[in-house]
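Novice: You'll find structure02.cif just under this line, and it carries mmCIF, C-alpha atoms.
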data_input
#
loop_
_atom_site.group_PDB
_atom_site.id
_atom_site.type_symbol
_atom_site.label_atom_id
_atom_site.label_comp_id
_atom_site.auth_asym_id
_atom_site.auth_seq_id
_atom_site.Cartn_x
_atom_site.Cartn_y
_atom_site.Cartn_z
ATOM 1 C CA MET F 1 137.729 89.413 94.223
ATOM 2 C CA SER F 2 140.361 86.699 93.632
ATOM 3 C CA GLU F 3 143.254 85.911 95.989
ATOM 4 C CA GLU F 4 145.628 87.171 93.301
ATOM 5 C CA ASN F 5 143.881 90.543 93.179
ATOM 6 C CA LYS F 6 143.841 90.730 96.973
ATOM 7 C CA ALA F 7 147.613 90.228 97.041
ATOM 8 C CA ASP F 8 148.072 93.006 94.484
ATOM 9 C CA THR F 9 146.559 95.563 96.860
ATOM 10 C CA SER F 10 149.473 95.186 99.304
ATOM 11 C CA CYS F 11 151.643 97.380 97.098
ATOM 12 C CA CYS F 12 151.228 100.320 94.725
ATOM 13 C CA ALA F 13 149.982 99.100 91.349
ATOM 14 C CA SER F 14 152.162 101.641 89.547
ATOM 15 C CA CYS F 15 155.546 101.859 91.255
ATOM 16 C CA GLY F 16 155.358 98.703 93.384
ATOM 17 C CA VAL F 17 156.144 100.315 96.727
ATOM 18 C CA ALA F 18 154.753 98.358 99.672
ATOM 19 C CA GLU F 19 152.490 99.765 102.365
ATOM 20 C CA VAL F 20 154.858 100.032 105.325
ATOM 21 C CA ASP F 21 155.386 102.548 108.116
ATOM 22 C CA GLU F 22 154.549 106.048 106.820
ATOM 23 C CA ILE F 23 153.604 104.850 103.314
ATOM 24 C CA LYS F 24 149.821 104.551 103.072
ATOM 25 C CA LEU F 25 148.054 103.220 99.995
ATOM 26 C CA LYS F 26 144.599 104.320 98.809
ATOM 27 C CA GLU F 27 142.174 102.358 96.665
ATOM 28 C CA CYS F 28 141.319 103.262 93.102
ATOM 29 C CA ASP F 29 138.414 105.726 93.121
ATOM 30 C CA ASP F 30 136.159 103.393 91.098
ATOM 31 C CA CYS F 31 137.126 99.812 91.926
ATOM 32 C CA ASP F 32 138.736 97.636 94.603
ATOM 33 C CA LEU F 33 141.305 95.911 92.394
ATOM 34 C CA VAL F 34 144.357 98.108 92.993
ATOM 35 C CA ARG F 35 145.812 100.696 95.354
ATOM 36 C CA TYR F 36 148.233 103.586 94.867
ATOM 37 C CA CYS F 37 150.768 105.445 96.960
ATOM 38 C CA SER F 38 150.071 108.821 95.304
ATOM 39 C CA ASP F 39 147.836 110.639 92.840
ATOM 40 C CA GLU F 40 150.740 110.736 90.396
ATOM 41 C CA CYS F 41 151.008 106.940 90.406
ATOM 42 C CA GLN F 42 147.269 106.618 89.864
ATOM 43 C CA ILE F 43 147.418 108.938 86.847
ATOM 44 C CA ASP F 44 150.460 107.117 85.387
ATOM 45 C CA HIS F 45 148.772 103.721 85.772
ATOM 46 C CA LYS F 46 145.414 104.766 84.309
ATOM 47 C CA PRO F 47 146.066 103.553 80.696
ATOM 48 C CA ASP F 48 146.966 100.053 81.951
ATOM 49 C CA HIS F 49 144.156 99.848 84.494
ATOM 50 C CA GLU F 50 141.248 101.616 82.776
ATOM 51 C CA GLU F 51 139.642 98.591 81.063
ATOM 52 C CA ALA F 52 139.794 96.319 84.133
ATOM 53 C CA CYS F 53 138.631 99.219 86.299
ATOM 54 C CA LYS F 54 135.500 99.814 84.239
ATOM 55 C CA LYS F 55 134.648 96.111 84.271
ATOM 56 C CA ARG F 56 135.090 95.797 88.035
ATOM 57 C CA ALA F 57 133.227 99.067 88.700
ATOM 58 C CA ALA F 58 130.255 97.713 86.734
ATOM 59 C CA GLU F 59 130.376 94.489 88.769
ATOM 60 C CA LEU F 60 130.419 96.439 92.047
ATOM 61 C CA ARG F 61 127.523 98.575 90.869
ATOM 62 C CA ASP F 62 125.482 95.478 90.045
ATOM 63 C CA GLU F 63 126.286 93.923 93.438
ATOM 64 C CA LEU F 64 124.857 97.036 95.057
ATOM 65 C CA LEU F 65 121.942 97.338 92.631
ATOM 66 C CA PHE F 66 120.737 93.745 92.955
ATOM 67 C CA LYS F 67 121.203 93.411 96.708
ATOM 68 C CA GLN F 68 118.057 92.136 98.441
ATOM 69 C CA LEU F 69 117.100 94.557 101.227
ATOM 70 C CA GLU F 70 115.232 93.565 104.384
ATOM 71 C CA SER F 71 112.537 96.218 103.934
ATOM 72 C CA SER F 72 111.265 98.853 101.518
ATOM 73 C CA HIS F 73 112.359 102.497 101.520
ATOM 74 C CA LEU F 74 109.484 103.254 103.913
ATOM 75 C CA GLY F 75 110.807 101.030 106.687
ATOM 76 C CA ASP F 76 108.752 100.304 109.808
ATOM 77 C CA CYS F 77 106.223 102.327 111.761
ATOM 78 C CA PRO F 78 108.262 103.662 114.729
ATOM 79 C CA VAL F 79 105.370 102.991 117.124
ATOM 80 C CA CYS F 80 104.211 99.422 116.389
ATOM 81 C CA CYS F 81 107.468 98.461 114.621
ATOM 82 C CA LEU F 82 105.624 96.678 111.792
ATOM 83 C CA PRO F 83 106.601 97.297 108.150
ATOM 84 C CA LEU F 84 104.759 100.203 106.559
ATOM 85 C CA SER F 85 102.448 99.414 103.654
ATOM 86 C CA LEU F 86 103.531 100.496 100.185
ATOM 87 C CA ASP F 87 100.085 102.090 99.943
ATOM 88 C CA THR F 88 100.961 105.554 101.260
ATOM 89 C CA ALA F 89 97.273 106.217 102.013
ATOM 90 C CA LYS F 90 97.705 103.816 104.937
ATOM 91 C CA SER F 91 100.206 106.020 106.778
ATOM 92 C CA SER F 92 100.995 109.684 107.338
ATOM 93 C CA MET F 93 104.005 111.800 108.191
ATOM 94 C CA MET F 94 104.137 113.789 111.410
ATOM 95 C CA MET F 95 105.216 117.306 110.381
ATOM 96 C CA CYS F 96 106.766 118.032 113.775
ATOM 97 C CA CYS F 97 109.317 115.184 113.726
ATOM 98 C CA SER F 98 109.048 113.759 110.162
ATOM 99 C CA LYS F 99 108.180 110.275 111.423
ATOM 100 C CA ILE F 100 105.839 108.176 109.254
ATOM 101 C CA ILE F 101 103.118 106.598 111.405
ATOM 102 C CA CYS F 102 100.754 103.858 110.247
ATOM 103 C CA ASN F 103 97.014 104.550 110.307
ATOM 104 C CA GLY F 104 96.515 101.778 112.864
ATOM 105 C CA CYS F 105 98.652 103.534 115.451
ATOM 106 C CA ALA F 106 97.272 106.969 114.533
ATOM 107 C CA CYS F 107 93.651 105.829 114.961
ATOM 108 C CA ALA F 108 94.371 104.005 118.228
ATOM 109 C CA ASN F 109 96.014 107.146 119.577
ATOM 110 C CA ALA F 110 93.067 109.285 118.453
ATOM 111 C CA VAL F 111 90.670 106.986 120.351
ATOM 112 C CA ARG F 112 92.889 107.182 123.431
ATOM 113 C CA GLU F 113 92.887 110.984 123.299
ATOM 114 C CA VAL F 114 89.124 111.231 122.828
ATOM 115 C CA GLU F 115 88.334 108.768 125.595
ATOM 116 C CA GLY F 116 90.794 110.421 127.947
ATOM 117 C CA ARG F 117 89.834 113.943 126.880
ATOM 118 C CA LEU F 118 93.482 114.586 126.132
ATOM 119 C CA LYS F 119 95.021 117.295 124.001
ATOM 120 C CA HIS F 120 95.932 116.131 120.499
ATOM 121 C CA THR F 121 99.683 115.599 120.248
ATOM 122 C CA CYS F 122 102.124 113.855 117.931
ATOM 123 C CA LEU F 123 102.033 110.124 118.566
ATOM 124 C CA PHE F 124 105.842 109.909 118.406
ATOM 125 C CA CYS F 125 107.388 113.072 119.890
ATOM 126 C CA ARG F 126 104.311 114.348 121.795
ATOM 127 C CA GLU F 127 104.582 117.792 120.233
ATOM 128 C CA PRO F 128 101.184 119.582 120.298
ATOM 129 C CA ALA F 129 99.527 118.995 116.923
ATOM 130 C CA PRO F 130 98.273 122.092 115.040
ATOM 131 C CA ASP F 131 94.633 122.107 113.964
ATOM 132 C CA THR F 132 95.184 123.824 110.606
ATOM 133 C CA LYS F 133 96.977 123.029 107.374
ATOM 134 C CA GLU F 134 98.938 126.271 107.739
ATOM 135 C CA GLY F 135 100.117 125.246 111.199
ATOM 136 C CA ARG F 136 101.286 121.854 109.930
ATOM 137 C CA GLY F 137 103.032 123.595 107.048
ATOM 138 C CA ARG F 138 104.944 125.841 109.460
ATOM 139 C CA GLN F 139 106.043 122.800 111.428
ATOM 140 C CA ASN F 140 107.308 121.112 108.281
ATOM 141 C CA MET F 141 109.198 124.206 107.106
ATOM 142 C CA LYS F 142 110.906 124.325 110.495
ATOM 143 C CA ARG F 143 112.179 120.811 109.808
ATOM 144 C CA VAL F 144 113.198 121.858 106.287
ATOM 145 C CA LYS F 145 115.321 124.671 107.720
ATOM 146 C CA ALA F 146 116.969 122.060 109.952
ATOM 147 C CA ASN F 147 117.928 120.180 106.755
ATOM 148 C CA ASP F 148 115.665 117.220 107.538
ATOM 149 C CA PRO F 149 115.686 114.976 104.399
ATOM 150 C CA ALA F 150 112.131 113.660 104.972
ATOM 151 C CA ALA F 151 110.729 117.163 105.416
ATOM 152 C CA ILE F 152 112.488 118.409 102.284
ATOM 153 C CA ASN F 153 111.110 115.433 100.350
ATOM 154 C CA GLN F 154 107.640 116.195 101.706
ATOM 155 C CA VAL F 155 107.754 119.740 100.303
ATOM 156 C CA GLY F 156 109.050 118.383 96.999
ATOM 157 C CA GLY F 157 106.082 116.010 96.837
ATOM 158 C CA GLU F 158 103.567 118.723 97.706
ATOM 159 C CA LYS F 159 104.933 121.062 95.043
ATOM 160 C CA TYR F 160 104.910 118.226 92.517
ATOM 161 C CA TYR F 161 101.197 117.544 93.076
ATOM 162 C CA GLU F 162 100.528 121.288 92.912
ATOM 163 C CA LYS F 163 102.248 121.136 89.484
ATOM 164 C CA ASP F 164 104.878 123.648 90.601
ATOM 165 C CA TYR F 165 107.502 121.482 88.922
ATOM 166 C CA ARG F 166 110.401 123.931 89.120
ATOM 167 C CA THR F 167 110.147 124.168 92.898
ATOM 168 C CA ALA F 168 109.417 120.454 93.193
ATOM 169 C CA PHE F 169 112.587 119.696 91.249
ATOM 170 C CA GLU F 170 114.772 121.850 93.513
ATOM 171 C CA TYR F 171 113.440 120.323 96.735
ATOM 172 C CA SER F 172 113.520 116.789 95.321
ATOM 173 C CA LYS F 173 117.082 117.241 94.125
ATOM 174 C CA LYS F 174 118.208 118.378 97.568
ATOM 175 C CA ALA F 175 116.401 115.508 99.317
ATOM 176 C CA ALA F 176 117.867 113.007 96.822
ATOM 177 C CA GLU F 177 121.352 114.304 97.605
ATOM 178 C CA LEU F 178 120.566 113.528 101.249
ATOM 179 C CA GLY F 179 119.631 109.951 100.314
ATOM 180 C CA VAL F 180 115.822 109.974 100.097
ATOM 181 C CA ALA F 181 114.738 107.155 97.757
ATOM 182 C CA GLN F 182 111.315 108.697 97.073
ATOM 183 C CA SER F 183 112.969 111.899 95.825
ATOM 184 C CA HIS F 184 115.201 109.891 93.481
ATOM 185 C CA PHE F 185 112.083 108.199 92.122
ATOM 186 C CA ARG F 186 110.289 111.530 91.665
ATOM 187 C CA LEU F 187 113.308 112.975 89.847
ATOM 188 C CA SER F 188 113.361 109.993 87.469
ATOM 189 C CA ILE F 189 109.757 110.792 86.501
ATOM 190 C CA MET F 190 110.533 114.482 86.094
ATOM 191 C CA TYR F 191 113.510 113.811 83.822
ATOM 192 C CA HIS F 192 111.532 111.300 81.776
ATOM 193 C CA PHE F 193 108.458 113.478 81.252
ATOM 194 C CA GLU F 194 110.279 116.860 81.168
ATOM 195 C CA LEU F 195 108.597 118.175 84.310
ATOM 196 C CA GLY F 196 110.705 121.013 85.682
ATOM 197 C CA ALA F 197 113.788 119.606 83.937
ATOM 198 C CA GLU F 198 114.982 118.877 80.423
ATOM 199 C CA LYS F 199 114.349 115.332 79.197
ATOM 200 C CA ASP F 200 117.334 113.191 80.138
ATOM 201 C CA GLU F 201 117.016 109.407 79.968
ATOM 202 C CA GLY F 202 120.469 108.967 81.478
ATOM 203 C CA GLU F 203 119.368 110.856 84.588
ATOM 204 C CA ASN F 204 116.061 108.971 84.564
ATOM 205 C CA ILE F 205 117.893 105.639 84.796
ATOM 206 C CA ARG F 206 120.450 106.920 87.307
ATOM 207 C CA HIS F 207 117.759 108.123 89.687
ATOM 208 C CA LEU F 208 115.752 104.915 89.223
ATOM 209 C CA GLU F 209 118.845 102.936 90.191
ATOM 210 C CA GLU F 210 119.532 105.099 93.242
ATOM 211 C CA ALA F 211 115.897 104.764 94.328
ATOM 212 C CA ALA F 212 116.009 100.982 93.831
ATOM 213 C CA ILE F 213 119.230 100.739 95.850
ATOM 214 C CA GLY F 214 117.418 102.683 98.564
ATOM 215 C CA GLY F 215 114.646 100.071 98.618
ATOM 216 C CA HIS F 216 111.997 101.702 96.400
ATOM 217 C CA PRO F 217 109.977 98.816 94.824
ATOM 218 C CA GLN F 218 108.187 100.920 92.202
ATOM 219 C CA ALA F 219 111.485 102.337 90.985
ATOM 220 C CA ARG F 220 112.884 98.806 90.737
ATOM 221 C CA ASN F 221 109.782 97.693 88.835
ATOM 222 C CA ASN F 222 110.360 100.540 86.368
ATOM 223 C CA LEU F 223 113.997 99.513 85.992
ATOM 224 C CA GLY F 224 112.802 96.005 85.171
ATOM 225 C CA CYS F 225 110.567 97.436 82.452
ATOM 226 C CA GLU F 226 113.481 99.441 81.032
ATOM 227 C CA GLU F 227 115.677 96.329 80.929
ATOM 228 C CA TRP F 228 112.877 94.271 79.375
ATOM 229 C CA ASN F 229 112.364 96.854 76.632
ATOM 230 C CA ASN F 230 116.112 96.722 75.936
ATOM 231 C CA ASP F 231 115.990 92.896 75.685
ATOM 232 C CA ASN F 232 117.981 92.460 78.911
ATOM 233 C CA ILE F 233 115.566 89.752 80.073
ATOM 234 C CA GLU F 234 117.698 88.296 82.877
ATOM 235 C CA ARG F 235 118.264 91.713 84.477
ATOM 236 C CA ALA F 236 114.583 92.610 84.115
ATOM 237 C CA VAL F 237 113.500 89.412 85.873
ATOM 238 C CA LYS F 238 116.005 90.022 88.699
ATOM 239 C CA HIS F 239 114.552 93.475 89.302
ATOM 240 C CA TRP F 240 110.967 92.207 89.284
ATOM 241 C CA ILE F 241 111.758 89.368 91.689
ATOM 242 C CA ILE F 242 113.319 91.756 94.218
ATOM 243 C CA ALA F 243 110.467 94.276 93.887
ATOM 244 C CA ALA F 244 107.836 91.539 94.191
ATOM 245 C CA THR F 245 109.414 90.208 97.384
ATOM 246 C CA GLN F 246 109.069 93.723 98.801
ATOM 247 C CA GLY F 247 105.334 93.616 98.115
ATOM 248 C CA ASP F 248 105.098 95.352 94.730
ATOM 249 C CA ASP F 249 102.015 94.155 92.822
ATOM 250 C CA ASP F 250 103.032 95.388 89.350
ATOM 251 C CA SER F 251 106.230 93.334 89.459
ATOM 252 C CA THR F 252 104.283 90.139 90.172
ATOM 253 C CA LYS F 253 102.158 90.823 87.081
ATOM 254 C CA HIS F 254 105.273 91.297 84.947
ATOM 255 C CA LEU F 255 106.752 88.064 86.324
ATOM 256 C CA MET F 256 103.556 86.187 85.497
ATOM 257 C CA ASN F 257 103.765 87.415 81.902
ATOM 258 C CA ALA F 258 107.464 86.523 81.736
ATOM 259 C CA PHE F 259 106.594 83.045 83.038
ATOM 260 C CA LYS F 260 103.990 82.627 80.290
ATOM 261 C CA ASP F 261 106.664 83.593 77.745
ATOM 262 C CA GLY F 262 109.050 81.002 79.169
ATOM 263 C CA PHE F 263 111.556 83.354 80.807
ATOM 264 C CA VAL F 264 110.828 82.449 84.456
ATOM 265 C CA ASP F 265 110.900 78.975 86.009
ATOM 266 C CA LYS F 266 107.781 77.720 87.758
ATOM 267 C CA GLU F 267 109.690 77.164 91.017
ATOM 268 C CA VAL F 268 111.162 80.677 90.967
ATOM 269 C CA LEU F 269 107.753 82.206 90.305
ATOM 270 C CA ALA F 270 106.136 80.186 93.103
ATOM 271 C CA ALA F 271 108.830 81.180 95.608
ATOM 272 C CA THR F 272 108.522 84.844 94.604
ATOM 273 C CA LEU F 273 104.741 84.818 94.972
ATOM 274 C CA ARG F 274 105.087 83.309 98.449
ATOM 275 C CA ALA F 275 107.592 86.019 99.393
ATOM 276 C CA HIS F 276 105.264 88.678 97.962
ATOM 277 C CA LYS F 277 102.367 87.413 100.101
ATOM 278 C CA ALA F 278 104.608 87.296 103.173
ATOM 279 C CA ALA F 279 105.659 90.923 102.595
ATOM 280 C CA ILE F 280 102.005 92.014 102.319
ATOM 281 C CA ASP F 281 100.972 89.989 105.379
ATOM 282 C CA ALA F 282 103.789 91.521 107.421
ATOM 283 C CA THR F 283 102.166 94.950 107.048
ATOM 284 C CA LYS F 284 98.837 93.746 108.503
ATOM 285 C CA SER F 285 97.601 93.828 112.096
ATOM 286 C CA PRO F 286 94.206 93.906 113.863
ATOM 287 C CA GLN F 287 94.851 97.548 114.742
ATOM 288 C CA ARG F 288 95.550 98.483 111.124
ATOM 289 C CA GLU F 289 92.511 96.535 109.903
ATOM 290 C CA ALA F 290 90.322 98.412 112.397
ATOM 291 C CA ALA F 291 91.704 101.703 111.097
ATOM 292 C CA GLU F 292 91.013 100.694 107.492
ATOM 293 C CA LYS F 293 87.418 99.809 108.366
ATOM 294 C CA TYR F 294 87.039 103.163 110.126
ATOM 295 C CA PHE F 295 88.191 105.070 107.035
ATOM 296 C CA GLN F 296 85.942 102.976 104.772
ATOM 297 C CA ASP F 297 82.947 103.738 106.996
ATOM 298 C CA LEU F 298 83.874 107.415 107.053
ATOM 299 C CA HIS F 299 84.082 107.480 103.261
ATOM 300 C CA TRP F 300 80.665 105.772 103.012
ATOM 301 C CA LEU F 301 79.100 108.412 105.298
ATOM 302 C CA ARG F 302 80.582 111.215 103.203
ATOM 303 C CA ILE F 303 79.131 109.964 99.921
ATOM 304 C CA HIS F 304 75.660 109.125 101.295
#
The structure in this file should be written as structure tokens.
Specialist:
Amino acid sequence: MSEENKADTSCCASCGVAEVDEIKLKECDDCDLVRYCSDECQIDHKPDHEEACKKRAAELRDELLFKQLESSHLGDCPVCCLPLSLDTAKSSMMMCCSKIICNGCACANAVREVEGRLKHTCLFCREPAPDTKEGRGRQNMKRVKANDPAAINQVGGEKYYEKDYRTAFEYSKKAAELGVAQSHFRLSIMYHFELGAEKDEGENIRHLEEAAIGGHPQARNNLGCEEWNNDNIERAVKHWIIAATQGDDDSTKHLMNAFKDGFVDKEVLAATLRAHKAAIDATKSPQREAAEKYFQDLHWLRIH
């Protein structure tokens, strides 16, 4: 914001009264360009301010939308403190405390318990772990009743894969309201494909944007595709670069194609690919590799 606009906020944009003593000014609901001393002044000034307000609100939205986050929506494993892989098969959620633990830590803990003949407990909160699916479900519903966003999202995901789309929509909507990026992403799919909700492309895009702001790389990749299809090439490339630097593979493929078409510079592509590799490498560790080998061996035994 310019120095001129900053100076304007020291007094009411409508009546000109300055912010002194008991007079307190509040910002416009949608932008940071002006402030008002009362609701009446804001209403009176709306015709003069509306155009500039919409322009600035769009700029603020883009600043938020295209901000590069330090990690994905999954964050770090709370035990080893390494970034969680975007491959959700490489981690699991503890139903007792809603913490997402990487397979490396889970397997290491399982070995510790077996070798020490210890009772199986949650790796994070040490709550006794139930042996049945029903027991884990009861634990999760206890967290749902406590209004835990991750637990609510978990139920939404389970109902989605059970194709109970009506229930999935309700749980996902509640979790999205509590800020869960994965639920925003799921809702975008449901609005787009009419799963438990009427088709609404406006809501599809809105939820994709909210998920992307929350650090969801796949949602950002989809936004890039939407922008590309609407011939907004620059915005599409921005989305794909951010998603790729978070470790999203699909976005790197789209950037490669955009490079071949002449829309991405060689230097930009090279830097993005290096950042993509760094994001993937950051999720690796000897402990996680040992866990992956264990699951591969287990799968081989099951099919032979």
Novice: In Å, with one decimal, what is the gap from CA of Tyr191 (chain F) to CA of Ile152 (chain F)?
Specialist: 19.1 Å
Novice: Could you spell out the hits of the PyMOL selection byres ((chain F and resi 104) around 9) on the shown file, as a list in words?
Specialist: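 Checked against the file, the PyMOL selection byres ((chain F and resi 104) around 9) matches Cys80, Lys90, Ser91, Ile101, Cys102, Asn103, Cys105, Ala106, Cys107, Ala108, Asn109, Ser285, Pro286, Gln287, Arg288, Glu289, Ala290, Ala291 and Glu292 of chain F.
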Novice: Residue by residue, what does the PyMOL selection byres ((chain F and resi 29-34) around 12) grab here? Present the result as a ChimeraX atom specification.
Specialist: /F:1-16,25-28,35-37,39,41-43,45-46,48-61
Novice: Could you write out as a ChimeraX atom specification the residues that the PyMOL selection byres ((chain F and resi 148) around 12) matches in the shown file?
Specialist: /F:95-99,139-147,149-155,171,174-180
Novice: Nearest to Pro78 (chain F): which of F:Asp21, F:Glu201, F:Leu123, F:Ala244 is it, counting only C-alpha atoms?
Specialist: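 Ranked by minimum distance to Pro78 (chain F), first place goes to F:Leu123.
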Novice: Would you mind telling me which residue in F:Phe185, F:Tyr165, F:Trp228, F:Phe295 lies nearest to Glu198 (chain F) when using all atoms listed in the file?
Specialist: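 Nearest to Glu198 (chain F): F:Tyr165.
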Novice: Take CA of Ile242 (chain F) and CA of Asp200 (chain F) and report the distance between them in Å, one decimal.
Specialist: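 Pair CA of Ile242 (chain F) / CA of Asp200 (chain F) returns 26.0 Å.
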